[in-house]
$ cat protein06.txt   # compact mmCIF, C-alpha atoms
# COMPACT_ATOMS: atom_id res chain seq x y z
CA MET O 17 -20.69 -78.91 -8.05
CA GLN O 18 -17.96 -78.73 -5.45
CA GLU O 19 -19.29 -78.74 -1.92
CA GLU O 20 -18.58 -75.48 -0.11
CA ARG O 21 -16.46 -75.96 2.97
CA ALA O 22 -18.10 -74.79 6.20
CA LYS O 23 -16.59 -71.69 7.72
CA PRO O 24 -14.65 -72.58 10.89
CA ALA O 25 -16.00 -71.28 14.17
CA ARG O 26 -14.32 -68.10 15.37
CA ILE O 27 -12.11 -68.44 18.43
CA PRO O 28 -13.12 -65.55 20.69
CA LYS O 29 -10.70 -62.98 22.09
CA LEU O 30 -10.43 -63.75 25.80
CA THR O 31 -7.00 -62.51 26.83
CA SER O 32 -4.83 -59.43 26.80
CA SER O 33 -2.39 -58.83 23.96
CA VAL O 34 0.30 -58.84 26.65
CA HIS O 35 1.33 -61.61 29.00
CA ASP O 36 4.46 -63.03 30.60
CA ILE O 37 6.50 -65.25 28.28
CA ASN O 38 7.85 -67.18 31.26
CA THR O 39 4.52 -68.79 32.10
CA GLU O 40 4.32 -72.52 31.34
CA LYS O 41 1.07 -72.25 29.42
CA PRO O 42 -0.31 -69.33 27.41
CA PRO O 43 -3.65 -67.90 28.53
CA PHE O 44 -6.79 -69.63 27.31
CA GLY O 45 -7.81 -68.17 23.98
CA SER O 46 -4.35 -68.16 22.40
CA ARG O 47 -4.11 -69.41 18.82
CA PHE O 48 -1.05 -71.03 17.28
CA LEU O 49 -0.24 -71.56 13.61
CA THR O 50 1.65 -74.79 12.93
CA GLU O 51 2.99 -76.31 9.72
CA ASN O 52 -0.13 -78.46 9.51
CA SER O 53 -2.55 -75.59 10.08
CA ASP O 54 -4.70 -74.11 7.35
CA VAL O 55 -3.81 -70.41 7.48
CA TRP O 56 -7.34 -69.50 6.39
CA ALA O 57 -9.06 -71.82 8.87
CA GLN O 58 -9.21 -69.23 11.68
CA ASN O 59 -9.34 -65.48 11.81
CA ALA O 60 -6.39 -65.05 14.17
CA TRP O 61 -3.08 -66.77 14.91
CA ASP O 62 -0.17 -66.16 17.25
CA HIS O 63 3.46 -66.03 16.10
CA VAL O 64 2.91 -65.36 12.40
CA PRO O 65 6.27 -64.32 10.90
CA PRO O 66 6.37 -61.29 8.57
CA PRO O 67 7.11 -61.94 4.89
CA ASP O 68 10.74 -61.94 3.82
CA ASP O 69 10.24 -58.90 1.62
CA GLN O 70 8.60 -56.74 4.31
CA ALA O 71 11.69 -54.61 5.00
CA GLU O 72 12.10 -53.86 1.29
CA ALA O 73 8.42 -52.98 0.90
CA ILE O 74 8.62 -50.60 3.89
CA ALA O 75 11.74 -48.90 2.55
CA MET O 76 10.18 -48.40 -0.89
CA SER O 77 7.00 -46.91 0.57
CA LEU O 78 8.89 -44.47 2.80
CA ALA O 79 11.21 -43.50 -0.05
CA LYS O 80 8.23 -42.56 -2.24
CA GLN O 81 6.78 -40.44 0.57
CA ARG O 82 10.05 -38.57 1.01
CA LEU O 83 10.09 -37.66 -2.69
CA ALA O 84 6.98 -35.48 -2.23
CA PRO O 85 6.65 -34.24 1.37
CA VAL O 86 4.48 -31.36 2.53
CA PRO O 87 6.20 -28.18 1.25
CA ASP O 88 8.04 -26.31 4.00
CA GLU O 89 5.96 -23.18 3.47
CA GLU O 90 2.75 -25.15 4.15
CA LYS O 91 3.81 -26.99 7.31
CA ALA O 92 3.04 -24.12 9.68
CA LYS O 93 -0.64 -23.99 8.76
CA TYR O 94 -1.10 -27.66 9.64
CA ASN O 95 0.42 -27.11 13.09
CA GLU O 96 -1.66 -24.03 13.94
CA LYS O 97 -4.83 -24.60 15.99
CA PRO O 98 -4.92 -28.41 15.60
CA ALA O 99 -8.03 -28.57 17.82
CA ARG O 100 -9.97 -26.89 15.03
CA HIS O 101 -9.37 -29.84 12.72
CA TRP O 102 -10.54 -32.32 15.37
CA ASP O 103 -13.62 -30.14 15.90
CA ASN O 104 -14.38 -30.52 12.21
CA PHE O 105 -13.77 -34.25 12.48
CA TYR O 106 -16.29 -34.68 15.29
CA LYS O 107 -18.80 -32.37 13.66
CA THR O 108 -18.69 -34.64 10.62
CA ASN O 109 -18.59 -37.99 12.36
CA ALA O 110 -20.21 -37.27 15.75
CA ASN O 111 -19.94 -40.43 17.86
CA ASN O 112 -20.31 -42.81 14.92
CA PHE O 113 -16.67 -43.20 13.83
CA PHE O 114 -14.90 -44.88 16.73
CA ARG O 115 -16.21 -48.00 18.40
CA ASN O 116 -16.39 -48.28 22.17
CA ARG O 117 -13.02 -49.38 23.50
CA ASN O 118 -14.26 -52.28 25.60
CA TRP O 119 -10.96 -54.04 24.82
CA LEU O 120 -9.19 -51.64 27.20
CA HIS O 121 -10.52 -53.72 30.09
CA LEU O 122 -8.58 -56.73 28.79
CA GLU O 123 -5.42 -54.81 28.03
CA PHE O 124 -5.45 -52.80 31.26
CA PRO O 125 -7.16 -54.80 34.04
CA GLU O 126 -6.28 -51.96 36.43
CA LEU O 127 -9.33 -50.14 35.04
CA LEU O 128 -11.75 -52.87 36.07
CA ALA O 129 -9.99 -53.25 39.42
CA ALA O 130 -10.68 -49.55 40.06
CA ALA O 131 -14.36 -50.20 39.31
CA GLU O 132 -14.76 -52.89 41.98
CA PRO O 133 -17.17 -52.04 44.84
CA GLU O 134 -14.51 -51.82 47.56
CA ALA O 135 -11.75 -50.18 45.48
CA GLY O 136 -12.12 -46.90 47.36
CA GLU O 137 -11.48 -43.37 46.17
CA ILE O 138 -9.87 -43.48 42.72
CA THR O 139 -9.58 -40.80 40.06
CA ILE O 140 -9.03 -41.85 36.44
CA CYS O 141 -8.34 -39.25 33.75
CA GLU O 142 -8.85 -40.06 30.11
CA ILE O 143 -6.93 -37.56 28.03
CA GLY O 144 -8.04 -37.27 24.44
CA CYS O 145 -11.45 -38.65 25.34
CA GLY O 146 -13.10 -38.01 21.99
CA ALA O 147 -16.76 -39.00 22.18
CA GLY O 148 -16.20 -41.00 25.37
CA ASN O 149 -15.48 -44.38 23.79
CA ALA O 150 -13.28 -45.40 26.71
CA ALA O 151 -14.91 -43.44 29.54
CA PHE O 152 -18.47 -44.66 29.04
CA PRO O 153 -17.70 -48.42 28.84
CA LEU O 154 -15.81 -48.03 32.14
CA LEU O 155 -18.66 -46.03 33.67
CA SER O 156 -21.14 -48.69 32.57
CA ALA O 157 -19.06 -51.42 34.22
CA ASN O 158 -18.38 -49.42 37.38
CA LYS O 159 -19.47 -50.74 40.78
CA ASN O 160 -17.35 -48.34 42.83
CA PRO O 161 -19.32 -45.37 44.24
CA LYS O 162 -16.05 -43.57 44.93
CA LEU O 163 -14.70 -43.77 41.36
CA THR O 164 -14.29 -40.43 39.60
CA ILE O 165 -13.76 -40.38 35.84
CA ARG O 166 -12.44 -37.18 34.29
CA ALA O 167 -12.52 -36.90 30.49
CA TYR O 168 -10.60 -34.23 28.58
CA ASP O 169 -10.13 -33.32 24.94
CA TYR O 170 -8.97 -30.20 23.15
CA SER O 171 -11.87 -30.53 20.74
CA SER O 172 -14.83 -28.66 22.20
CA HIS O 173 -17.19 -30.55 19.90
CA ALA O 174 -15.90 -33.88 21.21
CA VAL O 175 -16.49 -32.74 24.79
CA LYS O 176 -20.05 -31.70 23.90
CA LEU O 177 -20.67 -35.24 22.60
CA VAL O 178 -19.57 -36.61 25.97
CA GLN O 179 -21.65 -34.12 27.94
CA THR O 180 -24.83 -34.88 25.97
CA ASN O 181 -24.55 -38.65 26.49
CA SER O 182 -27.33 -39.98 28.75
CA LEU O 183 -24.77 -41.70 31.01
CA TYR O 184 -23.07 -38.37 31.63
CA ALA O 185 -26.19 -36.78 33.06
CA SER O 186 -27.14 -39.79 35.18
CA PRO O 187 -24.18 -42.12 35.85
CA PRO O 188 -25.39 -45.37 37.50
CA ILE O 189 -22.56 -45.39 40.04
CA GLY O 190 -19.63 -43.03 40.56
CA SER O 191 -19.17 -39.72 38.79
CA ILE O 192 -17.90 -38.33 35.49
CA HIS O 193 -16.77 -34.86 34.50
CA ALA O 194 -15.72 -33.72 31.01
CA ALA O 195 -14.09 -30.47 29.94
CA VAL O 196 -12.03 -28.92 27.18
CA TRP O 197 -8.32 -29.07 27.93
CA ASP O 198 -5.17 -29.23 25.83
CA LEU O 199 -2.61 -31.73 27.10
CA SER O 200 0.18 -29.53 25.75
CA SER O 201 -1.03 -26.45 27.67
CA PRO O 202 1.88 -24.63 29.36
CA ASP O 203 1.75 -25.08 33.15
CA THR O 204 -2.04 -25.37 33.26
CA LEU O 205 -3.92 -28.36 34.63
CA PRO O 206 -7.66 -28.83 34.05
CA THR O 207 -9.98 -26.97 36.40
CA GLY O 208 -10.64 -29.11 39.46
CA VAL O 209 -7.49 -31.22 39.11
CA ASP O 210 -4.81 -30.40 41.66
CA PRO O 211 -1.23 -31.60 41.27
CA GLY O 212 -0.66 -35.16 42.48
CA THR O 213 -4.33 -36.16 42.72
CA VAL O 214 -4.85 -38.56 39.77
CA ASP O 215 -4.40 -42.32 40.16
CA MET O 216 -4.45 -43.36 36.50
CA ILE O 217 -4.22 -41.62 33.14
CA VAL O 218 -5.58 -43.32 30.04
CA LEU O 219 -3.53 -42.12 27.06
CA VAL O 220 -4.77 -43.94 23.97
CA PHE O 221 -3.90 -42.63 20.48
CA VAL O 222 -3.15 -39.19 21.92
CA MET O 223 0.59 -38.51 21.88
CA SER O 224 0.66 -39.34 18.16
CA ALA O 225 -1.67 -36.39 17.50
CA LEU O 226 0.78 -33.91 19.02
CA HIS O 227 3.64 -32.19 17.28
CA PRO O 228 6.96 -33.52 18.64
CA ASP O 229 7.70 -30.01 19.97
CA GLU O 230 4.63 -30.42 22.22
CA TRP O 231 5.78 -33.65 23.83
CA GLY O 232 7.70 -31.90 26.62
CA ARG O 233 4.72 -29.91 27.90
CA ALA O 234 2.49 -32.95 27.60
CA MET O 235 4.84 -35.06 29.70
CA ALA O 236 5.15 -32.27 32.28
CA ASN O 237 1.37 -32.12 32.68
CA ILE O 238 0.98 -35.90 32.86
CA HIS O 239 3.66 -36.11 35.53
CA LYS O 240 2.19 -33.19 37.49
CA MET O 241 -1.34 -34.63 37.56
CA LEU O 242 -0.40 -38.09 38.83
CA LYS O 243 0.07 -39.16 42.40
CA PRO O 244 3.43 -40.75 43.24
CA GLY O 245 3.03 -44.33 42.08
CA GLY O 246 0.23 -43.34 39.68
CA ARG O 247 0.12 -45.01 36.29
CA VAL O 248 -0.13 -44.07 32.62
CA LEU O 249 -1.93 -46.67 30.50
CA PHE O 250 -0.62 -46.08 27.00
CA ARG O 251 -1.45 -47.28 23.51
CA ASP O 252 -0.60 -45.62 20.20
CA TYR O 253 0.52 -46.10 16.61
CA GLY O 254 3.69 -48.11 15.94
CA ARG O 255 6.41 -47.56 13.38
CA HIS O 256 5.65 -48.97 9.93
CA ASP O 257 2.01 -49.64 10.68
CA LEU O 258 -0.11 -50.22 7.58
CA THR O 259 -1.61 -46.75 7.85
CA GLN O 260 1.84 -45.14 7.78
CA LEU O 261 2.84 -47.00 4.66
CA ARG O 262 -0.40 -46.11 2.87
CA PHE O 263 0.14 -42.36 3.02
CA LYS O 264 0.62 -40.91 -0.45
CA SER O 265 2.50 -37.86 -1.68
CA GLY O 266 1.98 -34.52 0.02
CA ARG O 267 1.26 -36.00 3.47
CA LEU O 268 4.72 -36.28 5.07
CA LEU O 269 5.37 -33.43 7.53
CA ASP O 270 8.56 -34.89 8.98
CA ASP O 271 10.07 -38.33 9.51
CA ASN O 272 7.23 -40.59 10.71
CA PHE O 273 4.89 -37.57 11.12
CA TYR O 274 1.99 -37.07 8.70
CA ILE O 275 -1.05 -34.96 7.94
CA ARG O 276 -4.27 -36.79 7.11
CA GLY O 277 -6.77 -35.69 4.48
CA ASP O 278 -8.86 -33.96 7.16
CA LYS O 279 -5.77 -32.07 8.41
CA THR O 280 -5.39 -34.01 11.68
CA ARG O 281 -1.84 -35.15 12.42
CA VAL O 282 -0.35 -38.51 13.34
CA TYR O 283 3.09 -39.72 14.47
CA PHE O 284 4.23 -43.35 14.40
CA PHE O 285 6.36 -44.34 17.39
CA GLU O 286 9.27 -46.69 17.90
CA LEU O 287 9.59 -48.40 21.29
CA ASP O 288 12.87 -46.75 22.22
CA GLU O 289 11.18 -43.39 21.66
CA LEU O 290 8.56 -44.27 24.26
CA ALA O 291 11.24 -45.41 26.69
CA LEU O 292 13.04 -42.08 26.19
CA LEU O 293 9.82 -40.11 26.48
CA PHE O 294 8.85 -41.58 29.85
CA THR O 295 12.20 -42.47 31.43
CA GLY O 296 14.87 -40.47 29.62
CA SER O 297 16.72 -43.66 28.62
CA ARG O 298 16.46 -46.17 25.82
CA ALA O 299 15.27 -49.67 26.56
CA THR O 300 18.21 -51.72 27.88
CA ASP O 301 19.88 -54.54 25.97
CA ALA O 302 18.17 -57.03 28.28
CA GLN O 303 14.82 -55.59 27.22
CA LYS O 304 15.62 -56.12 23.55
CA THR O 305 16.10 -59.87 23.64
CA ALA O 306 12.59 -61.04 22.77
CA ALA O 307 11.58 -62.06 19.28
CA THR O 308 8.75 -60.43 17.38
CA LYS O 309 5.36 -61.94 18.09
CA GLU O 310 2.52 -61.54 15.64
CA VAL O 311 -1.10 -62.49 15.41
CA MET O 312 -3.46 -62.71 12.49
CA GLU O 313 -7.12 -61.76 12.41
CA GLU O 314 -9.75 -61.66 9.75
CA ILE O 315 -11.45 -58.60 8.34
CA GLU O 316 -14.43 -58.84 6.08
CA GLY O 317 -16.89 -56.58 4.31
CA GLU O 318 -16.76 -53.26 2.54
CA ASN O 319 -15.57 -51.33 5.59
CA ASP O 320 -12.33 -53.22 6.13
CA ALA O 321 -8.87 -51.72 5.94
CA ALA O 322 -8.46 -52.80 2.31
CA THR O 323 -11.55 -51.06 0.99
CA ALA O 324 -12.06 -48.15 3.40
CA PRO O 325 -11.15 -44.67 2.15
CA PRO O 326 -7.52 -43.76 2.85
CA HIS O 327 -8.39 -41.05 5.39
CA ALA O 328 -10.46 -43.49 7.43
CA SER O 329 -7.78 -46.16 7.55
CA ALA O 330 -5.34 -43.66 9.05
CA TYR O 331 -7.17 -43.68 12.40
CA ASP O 332 -7.46 -46.20 15.14
CA THR O 333 -10.96 -47.60 14.62
CA SER O 334 -10.80 -49.44 17.93
CA HIS O 335 -10.47 -52.98 16.65
CA PRO O 336 -10.31 -55.14 19.79
CA PRO O 337 -6.73 -56.32 20.26
CA SER O 338 -6.16 -59.87 19.16
CA PRO O 339 -4.64 -62.75 21.13
CA PRO O 340 -1.48 -62.47 23.18
CA ILE O 341 1.73 -60.79 22.18
CA GLU O 342 4.11 -62.54 24.56
CA PHE O 343 6.66 -60.55 26.51
CA SER O 344 7.71 -60.04 30.07
CA PRO O 345 6.92 -56.77 31.83
CA ALA O 346 9.12 -53.97 30.46
CA GLN O 347 10.40 -56.26 27.71
CA ARG O 348 10.99 -54.74 24.31
CA ILE O 349 9.89 -56.45 21.08
CA ILE O 350 12.05 -55.67 18.06
CA PRO O 351 10.10 -55.47 14.79
CA LYS O 352 11.83 -57.24 11.93
CA SER O 353 11.40 -54.12 9.83
CA GLU O 354 13.93 -52.35 12.09
CA GLU O 355 16.72 -54.74 11.20
CA SER O 356 19.58 -53.35 9.16
CA ASP O 357 18.65 -52.57 5.55
CA THR O 358 21.12 -50.83 3.27
CA THR O 359 19.04 -51.10 0.10
CA HIS O 360 17.26 -47.76 0.75
CA PRO O 361 18.13 -44.83 3.04
CA GLN O 362 15.98 -44.95 6.18
CA PRO O 363 14.44 -42.09 8.16
CA GLN O 364 15.71 -41.44 11.65
CA THR O 365 14.81 -44.17 14.14
CA ILE O 366 14.64 -41.79 17.12
CA HIS O 367 13.16 -38.32 16.84
CA PRO O 368 15.90 -35.74 17.52
CA ASN O 369 13.79 -34.09 20.24
CA LEU O 370 14.24 -37.24 22.32
CA LEU O 371 18.03 -37.25 21.97
CA ARG O 372 18.26 -34.18 24.21
CA PRO O 373 16.27 -32.98 27.25
CA LEU O 374 12.69 -32.22 26.23
CA ALA O 375 11.79 -28.56 26.39
CA TYR O 376 9.47 -27.66 29.29
CA CYS O 377 9.73 -31.18 30.73
CA PRO O 378 11.07 -31.94 34.24
CA SER O 379 14.34 -33.81 34.43
CA HIS O 380 14.24 -37.55 33.97
CA PRO O 381 13.76 -40.17 35.23
CA LEU O 382 10.06 -39.45 35.69
CA PHE O 383 8.55 -42.92 35.26
CA ALA O 384 9.45 -46.58 35.57
CA ILE O 385 8.46 -48.96 32.78
CA GLU O 386 6.08 -51.65 33.95
CA GLN O 387 5.28 -52.88 30.47
CA LEU O 388 6.46 -51.94 26.97
CA GLY O 389 5.84 -53.91 23.82
CA VAL O 390 4.32 -54.20 20.37
CA ASP O 391 0.88 -55.44 19.44
CA ARG O 392 1.61 -56.61 15.91
CA ARG O 393 -1.21 -58.12 13.88
CA LEU O 394 -1.80 -59.46 10.43
CA LEU O 395 -5.28 -58.50 9.23
CA VAL O 396 -6.66 -60.97 6.74
CA ASN O 397 -9.49 -60.68 4.24
CA ARG O 398 -10.16 -64.32 3.38
CA LYS O 399 -12.61 -63.44 0.62
CA ARG O 400 -10.08 -61.29 -1.25
CA GLN O 401 -6.99 -63.20 -0.04
CA LEU O 402 -5.41 -60.01 1.29
CA LYS O 403 -2.95 -59.64 4.16
CA MET O 404 -2.28 -56.32 5.88
CA TYR O 405 0.08 -55.60 8.76
CA ARG O 406 -0.88 -53.39 11.72
CA VAL O 407 1.47 -52.24 14.47
CA TRP O 408 0.54 -50.64 17.80
CA MET O 409 2.70 -49.71 20.80
CA GLN O 410 1.46 -50.48 24.29
CA GLY O 411 2.87 -49.70 27.70
CA LYS O 412 2.29 -49.05 31.38
CA PHE O 413 4.41 -46.43 33.11
CA GLN O 414 4.49 -45.72 36.86
CA LYS O 415 5.35 -42.31 38.29
CA LEU O 416 8.41 -42.48 40.49
CA ALA O 417 7.93 -41.44 44.10
$ encode --input "protein06.txt" --output "structure tokens"
Amino acid sequence: MQEERAKPARIPKLTSSVHDINTEKPPFGSRFLTENSDVWAQNAWDHVPPPDDQAEAIAMSLAKQRLAPVPDEEKAKYNEKPARHWDNFYKTNANNFFRNRNWLHLEFPELLAAAEPEAGEITICEIGCGAGNAAFPLLSANKNPKLTIRAYDYSSHAVKLVQTNSLYASPPIGSIHAAVWDLSSPDTLPTGVDPGTVDMIVLVFVMSALHPDEWGRAMANIHKMLKPGGRVLFRDYGRHDLTQLRFKSGRLLDDNFYIRGDKTRVYFFELDELALLFTGSRATDAQKTAATKEVMEEIEGENDAATAPPHASAYDTSHPPSPPIEFSPAQRIIPKSEESDTTHPQPQTIHPNLLRPLAYCPSHPLFAIEQLGVDRRLLVNRKRQLKMYRVWMQGKFQKLA
């Protein structure tokens, strides 16, 4: 009987997915795949190139989706009262669906800096707070008595989940307040938030849930809330993520915009779209010089992305980001899948709303890019020998004075 090889020890995640490529040594915890490495020996590797046929596979998947989009006469009902569908989501799943986003403290160290004892008066707003999976880990780690956390969601049921959490009633240090508020509300900030009073906004998997026609109002409200020099900490779905490619017929609302089985919506961004959204300009040529960086991590068990029901895999389930994607601040990573491909017609790279001034949005430039890049990972199920590509966008944007 062949002796079973021992499973290699897992290298823990100790660094952000983002760091400066000009440093001499990568942060401790980075993992590199060499020609002599056993690809299955670890659960995560840096710099894993995509397969040669990835662009063709993407084009074929998108072409199939475009053959059977959501009928025009049905689109309006999916865009009416979207909060209702998120209410139903949270009524069904309560606070059991999304994991706590402890990884945000690695990706955005500004959050932990705000929680230091002597940090002073700081207000952090989490927009799209859900069940509090980002707010409560920060509150638990807080040592700053002058830190105020404000959590908002347009789902009233999600806000109730936050308000009934034991930490909400008795925060150890600092304060937290949660309320129902729609980021795309016209000219209306949350009660208790005056213009120019927020230091940081956490915007994680939120903009993708909005209709592109709502982006202008959302940006206006974000800009209005922040102090000059205040920051947006951003993470969301990236173009050609696994979940985008897995959508079947009858789910495509518009290019890169889909309706899930539970009627919640999701858009998949390209980096130039984010640059246009926050600054009014595309990323410069100098910002497009870096090569794609990828990492690989293992998934196991019946609840992984390969075996989970399609509607579940279409959400961020708060996997902790894997080891570093290397790029300088404000540097733009170009996914290989965006390279020229004439085999199949491609959807528009930039949403047309971003090619003209956004409705209801102040004139650009509104923000400066501090960081903009792709967290691209290869999820691996070693037991089933499956490889699945995930793509997330991440950025930090500072309000101009």
$ closest_residue --input "protein06.txt" --among "O:Leu374, O:Leu163, O:Ile366, O:Val175" --to "O:Phe285" --atoms "only C-alpha atoms"
O:Ile366
$ residues_around --input "protein06.txt" --residues "O:Asp215" --least-positions-apart "3" --cutoff "8 Å" --atoms "only C-alpha atoms" --output "PDB file with C-alpha atoms, in the frame of the given file"
ATOM      1  CA  ILE O 138      -9.870 -43.480  42.720  1.00  0.00           C
ATOM      2  CA  THR O 139      -9.580 -40.800  40.060  1.00  0.00           C
ATOM      3  CA  ILE O 140      -9.030 -41.850  36.440  1.00  0.00           C
ATOM      4  CA  LEU O 242      -0.400 -38.090  38.830  1.00  0.00           C
ATOM      5  CA  LYS O 243       0.070 -39.160  42.400  1.00  0.00           C
ATOM      6  CA  GLY O 245       3.030 -44.330  42.080  1.00  0.00           C
ATOM      7  CA  GLY O 246       0.230 -43.340  39.680  1.00  0.00           C
ATOM      8  CA  ARG O 247       0.120 -45.010  36.290  1.00  0.00           C
TER       9      ARG O 247
END
$ atom_distance --input "protein06.txt" --atom1 "atom CA of O:Leu199" --atom2 "atom CA of O:Arg276"
20.7 Å
$ residues_near_point --input "protein06.txt" --point "(-8.5, -32.1, 26.8)" --cutoff "9 Å" --atoms "only C-alpha atoms" --output "PyMOL selection string"
chain O and resi 142-146+167-172+175+194-199+206
$ closest_residue --input "protein06.txt" --among "O:Asn95, O:Gly277, O:Thr207, O:Pro244" --to "O:Leu226" --atoms "only C-alpha atoms"
O:Asn95
$ residues_near_point --input "protein06.txt" --point "(-1.9, -44.2, 25.1)" --cutoff "12 Å" --atoms "only C-alpha atoms" --output "PyMOL selection string"
chain O and resi 120+123-124+141-145+150+216-225+238+247-254+285+290+332+388+408-413
$ write_last_selection --input "protein06.txt" --atoms "C-alpha atoms" --output "PDB file, in the coordinates of the input"
ATOM      1  CA  LEU O 120      -9.190 -51.640  27.200  1.00  0.00           C
ATOM      2  CA  GLU O 123      -5.420 -54.810  28.030  1.00  0.00           C
ATOM      3  CA  PHE O 124      -5.450 -52.800  31.260  1.00  0.00           C
ATOM      4  CA  CYS O 141      -8.340 -39.250  33.750  1.00  0.00           C
ATOM      5  CA  GLU O 142      -8.850 -40.060  30.110  1.00  0.00           C
ATOM      6  CA  ILE O 143      -6.930 -37.560  28.030  1.00  0.00           C
ATOM      7  CA  GLY O 144      -8.040 -37.270  24.440  1.00  0.00           C
ATOM      8  CA  CYS O 145     -11.450 -38.650  25.340  1.00  0.00           C
ATOM      9  CA  ALA O 150     -13.280 -45.400  26.710  1.00  0.00           C
ATOM     10  CA  MET O 216      -4.450 -43.360  36.500  1.00  0.00           C
ATOM     11  CA  ILE O 217      -4.220 -41.620  33.140  1.00  0.00           C
ATOM     12  CA  VAL O 218      -5.580 -43.320  30.040  1.00  0.00           C
ATOM     13  CA  LEU O 219      -3.530 -42.120  27.060  1.00  0.00           C
ATOM     14  CA  VAL O 220      -4.770 -43.940  23.970  1.00  0.00           C
ATOM     15  CA  PHE O 221      -3.900 -42.630  20.480  1.00  0.00           C
ATOM     16  CA  VAL O 222      -3.150 -39.190  21.920  1.00  0.00           C
ATOM     17  CA  MET O 223       0.590 -38.510  21.880  1.00  0.00           C
ATOM     18  CA  SER O 224       0.660 -39.340  18.160  1.00  0.00           C
ATOM     19  CA  ALA O 225      -1.670 -36.390  17.500  1.00  0.00           C
ATOM     20  CA  ILE O 238       0.980 -35.900  32.860  1.00  0.00           C
ATOM     21  CA  ARG O 247       0.120 -45.010  36.290  1.00  0.00           C
ATOM     22  CA  VAL O 248      -0.130 -44.070  32.620  1.00  0.00           C
ATOM     23  CA  LEU O 249      -1.930 -46.670  30.500  1.00  0.00           C
ATOM     24  CA  PHE O 250      -0.620 -46.080  27.000  1.00  0.00           C
ATOM     25  CA  ARG O 251      -1.450 -47.280  23.510  1.00  0.00           C
ATOM     26  CA  ASP O 252      -0.600 -45.620  20.200  1.00  0.00           C
ATOM     27  CA  TYR O 253       0.520 -46.100  16.610  1.00  0.00           C
ATOM     28  CA  GLY O 254       3.690 -48.110  15.940  1.00  0.00           C
ATOM     29  CA  PHE O 285       6.360 -44.340  17.390  1.00  0.00           C
ATOM     30  CA  LEU O 290       8.560 -44.270  24.260  1.00  0.00           C
ATOM     31  CA  ASP O 332      -7.460 -46.200  15.140  1.00  0.00           C
ATOM     32  CA  LEU O 388       6.460 -51.940  26.970  1.00  0.00           C
ATOM     33  CA  TRP O 408       0.540 -50.640  17.800  1.00  0.00           C
ATOM     34  CA  MET O 409       2.700 -49.710  20.800  1.00  0.00           C
ATOM     35  CA  GLN O 410       1.460 -50.480  24.290  1.00  0.00           C
ATOM     36  CA  GLY O 411       2.870 -49.700  27.700  1.00  0.00           C
ATOM     37  CA  LYS O 412       2.290 -49.050  31.380  1.00  0.00           C
ATOM     38  CA  PHE O 413       4.410 -46.430  33.110  1.00  0.00           C
TER      39      PHE O 413
END
$ atom_distance --input "protein06.txt" --atom1 "atom CA of O:Lys162" --atom2 "atom CA of O:Ala130"
9.4 Å
$ build_atoms --input "protein06.txt" --residues "stretch 290-301 of chain O" --atoms "N, CA and C atoms" --output "mmCIF file, in the frame of the given file"
data_model
loop_
_atom_site.group_PDB
_atom_site.id
_atom_site.type_symbol
_atom_site.label_atom_id
_atom_site.label_comp_id
_atom_site.auth_asym_id
_atom_site.auth_seq_id
_atom_site.Cartn_x
_atom_site.Cartn_y
_atom_site.Cartn_z
ATOM 1 N N LEU O 290 9.436 -44.292 23.088
ATOM 2 C CA LEU O 290 8.560 -44.270 24.260
ATOM 3 C C LEU O 290 9.364 -44.410 25.544
ATOM 4 N N ALA O 291 10.382 -45.269 25.515
ATOM 5 C CA ALA O 291 11.240 -45.410 26.690
ATOM 6 C C ALA O 291 11.917 -44.072 27.015
ATOM 7 N N LEU O 292 12.402 -43.382 25.987
ATOM 8 C CA LEU O 292 13.040 -42.080 26.190
ATOM 9 C C LEU O 292 12.035 -41.046 26.667
ATOM 10 N N LEU O 293 10.846 -41.085 26.135
ATOM 11 C CA LEU O 293 9.820 -40.110 26.480
ATOM 12 C C LEU O 293 9.442 -40.180 27.954
ATOM 13 N N PHE O 294 9.322 -41.413 28.476
ATOM 14 C CA PHE O 294 8.850 -41.580 29.850
ATOM 15 C C PHE O 294 9.975 -41.728 30.877
ATOM 16 N N THR O 295 11.134 -42.216 30.459
ATOM 17 C CA THR O 295 12.200 -42.470 31.430
ATOM 18 C C THR O 295 13.483 -41.700 31.170
ATOM 19 N N GLY O 296 13.639 -41.157 29.961
ATOM 20 C CA GLY O 296 14.870 -40.470 29.620
ATOM 21 C C GLY O 296 15.967 -41.384 29.118
ATOM 22 N N SER O 297 15.721 -42.694 29.074
ATOM 23 C CA SER O 297 16.720 -43.660 28.620
ATOM 24 C C SER O 297 16.099 -44.615 27.618
ATOM 25 N N ARG O 298 16.930 -45.139 26.729
ATOM 26 C CA ARG O 298 16.460 -46.170 25.820
ATOM 27 C C ARG O 298 16.199 -47.450 26.598
ATOM 28 N N ALA O 299 15.447 -48.352 25.971
ATOM 29 C CA ALA O 299 15.270 -49.670 26.560
ATOM 30 C C ALA O 299 16.644 -50.349 26.635
ATOM 31 N N THR O 300 16.905 -51.088 27.698
ATOM 32 C CA THR O 300 18.210 -51.720 27.880
ATOM 33 C C THR O 300 18.370 -52.905 26.941
ATOM 34 N N ASP O 301 19.619 -53.376 26.810
ATOM 35 C CA ASP O 301 19.880 -54.540 25.970
ATOM 36 C C ASP O 301 19.070 -55.749 26.433
#
